[in-house]
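model_12.pdb, holding PDB, C-alpha atoms:
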```pdb
ATOM      1  CA  MET A 226      59.003 -84.659 -22.435
ATOM      2  CA  MET A 227      62.704 -84.008 -22.151
ATOM      3  CA  LYS A 228      62.252 -80.452 -23.462
ATOM      4  CA  SER A 229      60.005 -79.397 -20.550
ATOM      5  CA  GLY A 230      62.583 -80.729 -18.057
ATOM      6  CA  LEU A 231      65.229 -78.466 -19.596
ATOM      7  CA  ILE A 232      62.886 -75.467 -19.443
ATOM      8  CA  TYR A 233      62.160 -76.051 -15.745
ATOM      9  CA  SER A 234      65.851 -76.567 -15.038
ATOM     10  CA  SER A 235      66.714 -73.272 -16.790
ATOM     11  CA  LEU A 236      63.929 -71.502 -14.945
ATOM     12  CA  ILE A 237      65.079 -72.825 -11.569
ATOM     13  CA  GLU A 238      68.707 -71.877 -12.281
ATOM     14  CA  GLY A 239      67.583 -68.355 -13.269
ATOM     15  CA  ILE A 240      65.596 -67.988 -10.059
ATOM     16  CA  LYS A 241      68.561 -69.207  -7.990
ATOM     17  CA  ARG A 242      70.829 -66.641  -9.686
ATOM     18  CA  GLU A 243      68.391 -63.808  -8.962
ATOM     19  CA  LEU A 244      67.876 -64.847  -5.327
ATOM     20  CA  SER A 245      71.605 -65.140  -4.664
ATOM     21  CA  GLY A 246      71.825 -61.334  -4.945
ATOM     22  CA  LEU A 247      69.508 -60.879  -1.949
ATOM     23  CA  ASP A 248      72.331 -61.595   0.496
ATOM     24  CA  ASP A 249      74.242 -58.636  -0.937
ATOM     25  CA  LEU A 250      71.203 -56.393  -0.555
ATOM     26  CA  PHE A 251      71.059 -56.891   3.223
ATOM     27  CA  GLU A 252      74.813 -56.837   3.821
ATOM     28  CA  ASN A 253      75.738 -53.605   5.644
ATOM     29  CA  PHE A 254      72.060 -52.606   5.556
ATOM     30  CA  SER A 255      72.335 -50.059   8.385
ATOM     31  CA  GLU A 256      75.226 -48.294   6.636
ATOM     32  CA  ARG A 257      73.485 -48.187   3.259
ATOM     33  CA  PHE A 258      70.124 -47.127   4.704
ATOM     34  CA  PRO A 259      70.960 -45.056   7.803
ATOM     35  CA  PHE A 260      67.696 -44.736   9.672
ATOM     36  CA  ARG A 261      66.446 -45.835  13.002
ATOM     37  CA  LEU A 262      63.033 -46.377  14.443
ATOM     38  CA  VAL A 263      62.221 -44.420  17.556
ATOM     39  CA  GLU A 264      59.114 -44.457  19.645
ATOM     40  CA  VAL A 265      57.400 -41.084  19.808
ATOM     41  CA  LYS A 266      55.819 -40.554  23.216
ATOM     42  CA  LYS A 267      53.512 -37.837  24.433
ATOM     43  CA  GLN A 268      55.326 -35.403  26.695
ATOM     44  CA  SER A 269      52.181 -34.092  28.298
ATOM     45  CA  SER A 270      48.427 -34.248  28.126
ATOM     46  CA  LYS A 271      46.728 -31.264  29.750
ATOM     47  CA  GLU A 272      43.220 -29.877  29.440
ATOM     48  CA  GLY A 273      42.446 -31.838  26.270
ATOM     49  CA  VAL A 274      45.752 -30.918  24.576
ATOM     50  CA  ASP A 275      48.382 -33.568  23.811
ATOM     51  CA  THR A 276      52.009 -32.506  23.210
ATOM     52  CA  TYR A 277      54.962 -34.280  21.622
ATOM     53  CA  GLN A 278      58.504 -32.937  21.984
ATOM     54  CA  LEU A 279      60.813 -33.875  19.102
ATOM     55  CA  PRO A 280      64.562 -33.139  18.838
ATOM     56  CA  PHE A 281      65.829 -31.304  15.752
ATOM     57  CA  ALA A 282      69.225 -30.201  17.050
ATOM     58  CA  GLY A 283      71.276 -28.384  14.425
ATOM     59  CA  ILE A 284      68.372 -27.990  11.991
ATOM     60  CA  PRO A 285      66.965 -24.450  11.707
ATOM     61  CA  LYS A 286      63.219 -23.851  11.950
ATOM     62  CA  GLU A 287      63.095 -22.775   8.287
ATOM     63  CA  ASN A 288      64.207 -26.286   7.231
ATOM     64  CA  ILE A 289      61.494 -28.124   9.182
ATOM     65  CA  SER A 290      58.065 -28.947   7.782
ATOM     66  CA  VAL A 291      55.001 -30.293   9.565
ATOM     67  CA  SER A 292      52.098 -31.703   7.581
ATOM     68  CA  LEU A 293      48.905 -33.652   8.182
ATOM     69  CA  GLN A 294      47.415 -36.022   5.624
ATOM     70  CA  GLY A 295      44.387 -37.970   6.766
ATOM     71  CA  ASN A 296      45.288 -38.712  10.370
ATOM     72  CA  TYR A 297      49.040 -39.101   9.687
ATOM     73  CA  LEU A 298      51.305 -36.334  10.951
ATOM     74  CA  THR A 299      54.701 -36.046   9.239
ATOM     75  CA  ILE A 300      57.527 -33.858  10.532
ATOM     76  CA  GLU A 301      60.698 -33.517   8.452
ATOM     77  CA  GLY A 302      63.857 -31.498   8.895
ATOM     78  CA  LYS A 303      66.889 -31.303   6.612
ATOM     79  CA  LEU A 304      70.137 -29.377   6.518
ATOM     80  CA  GLU A 305      72.858 -29.674   3.910
ATOM     81  CA  ASP A 306      75.922 -27.487   3.673
ATOM     82  CA  GLU A 307      79.618 -27.898   2.903
ATOM     83  CA  VAL A 308      80.343 -29.218   6.384
ATOM     84  CA  LYS A 309      77.421 -31.441   7.357
ATOM     85  CA  LYS A 310      74.288 -33.190   6.181
ATOM     86  CA  LEU A 311      71.479 -33.689   8.698
ATOM     87  CA  SER A 312      68.094 -35.272   8.207
ATOM     88  CA  GLN A 313      65.379 -36.082  10.723
ATOM     89  CA  LYS A 314      61.876 -37.409  10.053
ATOM     90  CA  TYR A 315      58.989 -38.455  12.265
ATOM     91  CA  ALA A 316      55.660 -39.854  11.115
ATOM     92  CA  PHE A 317      52.839 -41.117  13.291
ATOM     93  CA  SER A 318      49.091 -41.326  13.379
ATOM     94  CA  LEU A 319      46.879 -39.012  15.390
ATOM     95  CA  PRO A 320      43.423 -39.853  16.689
ATOM     96  CA  THR A 321      40.678 -39.726  14.073
ATOM     97  CA  GLY A 322      39.040 -36.316  13.995
ATOM     98  CA  VAL A 323      42.138 -34.146  14.578
ATOM     99  CA  LYS A 324      42.111 -31.293  12.043
ATOM    100  CA  GLY A 325      45.003 -29.169  10.788
ATOM    101  CA  SER A 326      43.553 -26.203  12.661
ATOM    102  CA  ASP A 327      43.809 -28.216  15.914
ATOM    103  CA  ILE A 328      47.599 -28.629  15.547
ATOM    104  CA  SER A 329      50.306 -26.162  16.549
ATOM    105  CA  ALA A 330      54.089 -26.430  16.377
ATOM    106  CA  THR A 331      56.676 -24.358  18.248
ATOM    107  CA  TYR A 332      60.442 -24.537  17.758
ATOM    108  CA  LYS A 333      62.928 -23.467  20.438
ATOM    109  CA  ASP A 334      66.527 -24.451  21.173
ATOM    110  CA  GLY A 335      66.562 -27.458  18.824
ATOM    111  CA  MET A 336      63.280 -28.884  20.129
ATOM    112  CA  LEU A 337      59.985 -28.899  18.248
ATOM    113  CA  ASP A 338      56.851 -29.057  20.384
ATOM    114  CA  VAL A 339      53.856 -30.326  18.421
ATOM    115  CA  SER A 340      50.501 -30.037  20.179
ATOM    116  CA  TYR A 341      46.960 -30.873  19.157
ATOM    117  CA  LYS A 342      43.544 -30.647  20.712
ATOM    118  CA  ALA A 343      42.130 -34.070  21.446
ATOM    119  CA  PRO A 344      39.016 -34.457  19.296
ATOM    120  CA  GLN A 345      35.547 -34.735  20.755
ATOM    121  CA  ILE A 346      34.166 -38.095  19.709
ATOM    122  CA  GLU A 347      30.877 -37.495  17.910
ATOM    123  CA  GLY A 348      30.775 -40.567  15.706
ATOM    124  CA  PRO A 349      32.591 -41.551  12.505
ATOM    125  CA  LYS A 350      34.247 -38.685  10.633
ATOM    126  CA  LYS A 351      35.053 -38.444   6.963
ATOM    127  CA  GLU A 352      38.826 -38.824   6.614
ATOM    128  CA  GLU A 353      40.514 -36.030   4.669
ATOM    129  CA  LYS A 354      43.081 -37.150   2.103
ATOM    130  CA  GLU A 355      44.421 -33.676   1.282
ATOM    131  CA  LYS A 356      47.838 -32.824   2.700
ATOM    132  CA  ILE A 357      47.714 -29.838   5.078
ATOM    133  CA  SER A 358      50.863 -27.875   6.065
ATOM    134  CA  ILE A 359      51.146 -26.735   9.684
ATOM    135  CA  PRO A 360      53.083 -23.457  10.289
ATOM    136  CA  ILE A 361      55.899 -23.508  12.867
ATOM    137  CA  LYS A 362      56.036 -20.616  15.335
TER     138      LYS A 362
END
```
Could the structure of this file be written out as structure tokens, please?
Amino acid sequence: MMKSGLIYSSLIEGIKRELSGLDDLFENFSERFPFRLVEVKKQSSKEGVDTYQLPFAGIPKENISVSLQGNYLTIEGKLEDEVKKLSQKYAFSLPTGVKGSDISATYKDGMLDVSYKAPQIEGPKKEEKEKISIPIK
């Protein structure tokens, strides 16, 4: 009986040792993982077309990608050179039924306008899992 008490004691001490490192993981979290959550709001909704305006200041159009997978739209921009390192990413869900061909993206003066045609609701649609790239004009 004494042997099982030692095993449990060793096990508990091992777990305590492992958990003590969790405090270090969250110390200076925002410096180690520099990201922030922002709410993406529609800028306009006209004639069945919804538009989002997203800032990408300092990142050239060639370094920005827009893709749709299922109903999740992902927009990423990166720039790395000797002087600076910039990274911007947005990801949000679109209404079910929006297709890649319904989405357009236009970049001007550091702002990316992403628009899509609101889908006509005709009943449940089969969700596409394939990732679709959207060209930026």
If the PyMOL selection byres ((chain A and resi 333) around 12) were run on this exact file, what residues would it hold? Put them as number ranges by chain. A: 278-286, 330-332, 334-339, 361-362
Determine the nearest neighbour of Ser358 (chain A) from the options A:Leu298, A:Leu311, A:Ala316, A:Leu304, counting all atoms listed in the file.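 Smallest separation from Ser358 (chain A) among the options: A:Leu298.
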Between A:Lys310, A:Lys324, A:Lys303, A:Lys356, which has the minimum distance to Tyr341 (chain A) (counting all atoms listed in the file)?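 That would be A:Lys324, the residue with the smallest distance to Tyr341 (chain A).
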Residue with smallest distance to Gln294 (chain A) - pool A:Val323, A:Leu244, A:Val308, A:Ile237, counting all atoms listed in the file: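 Ranking A:Val323, A:Leu244, A:Val308, A:Ile237 by distance to Gln294 (chain A), first place goes to A:Val323.
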Expressed in Å, the length from CA of Lys314 (chain A) to CA of Ser292 (chain A) is 11.6 Å
From CA of Glu355 (chain A) to CA of Tyr315 (chain A) the spacing works out at 18.9 Å
Grab the CA of Leu319 (chain A) to CA of Lys342 (chain A) distance for me, in Å with one decimal place. 10.5 Å
As a check of understanding, name the residues that the PyMOL selection byres ((chain A and resi 265-274) around 7) selects in the supplied structure, as a PyMOL selection string. chain A and resi 263-264+275-278+340-343
Would you mind exporting the chosen residues as a PDB file, keeping the file's coordinate frame, restricted to C-alpha atoms?
```pdb
ATOM      1  CA  VAL A 263      62.221 -44.420  17.556  1.00  0.00           C
ATOM      2  CA  GLU A 264      59.114 -44.457  19.645  1.00  0.00           C
ATOM      3  CA  ASP A 275      48.382 -33.568  23.811  1.00  0.00           C
ATOM      4  CA  THR A 276      52.009 -32.506  23.210  1.00  0.00           C
ATOM      5  CA  TYR A 277      54.962 -34.280  21.622  1.00  0.00           C
ATOM      6  CA  GLN A 278      58.504 -32.937  21.984  1.00  0.00           C
ATOM      7  CA  SER A 340      50.501 -30.037  20.179  1.00  0.00           C
ATOM      8  CA  TYR A 341      46.960 -30.873  19.157  1.00  0.00           C
ATOM      9  CA  LYS A 342      43.544 -30.647  20.712  1.00  0.00           C
ATOM     10  CA  ALA A 343      42.130 -34.070  21.446  1.00  0.00           C
TER      11      ALA A 343
END
```
Give as a list in words the residues that the PyMOL selection byres ((chain A and resi 301) around 8) matches when applied to the coordinates above. Ile289, Ser290, Val291, Thr299, Ile300, Gly302, Lys303, Ser312, Gln313, Lys314 and Tyr315 of chain A
May I have the residues from that selection written out with C-alpha atoms, as a short mmCIF file (atom, residue, chain, number, x, y, z; two decimals), in the coordinates of the input?
```
data_model
loop_
_atom_site.label_atom_id
_atom_site.label_comp_id
_atom_site.auth_asym_id
_atom_site.auth_seq_id
_atom_site.Cartn_x
_atom_site.Cartn_y
_atom_site.Cartn_z
CA ILE A 289 61.49 -28.12 9.18
CA SER A 290 58.06 -28.95 7.78
CA VAL A 291 55.00 -30.29 9.56
CA THR A 299 54.70 -36.05 9.24
CA ILE A 300 57.53 -33.86 10.53
CA GLY A 302 63.86 -31.50 8.90
CA LYS A 303 66.89 -31.30 6.61
CA SER A 312 68.09 -35.27 8.21
CA GLN A 313 65.38 -36.08 10.72
CA LYS A 314 61.88 -37.41 10.05
CA TYR A 315 58.99 -38.46 12.26
#
```
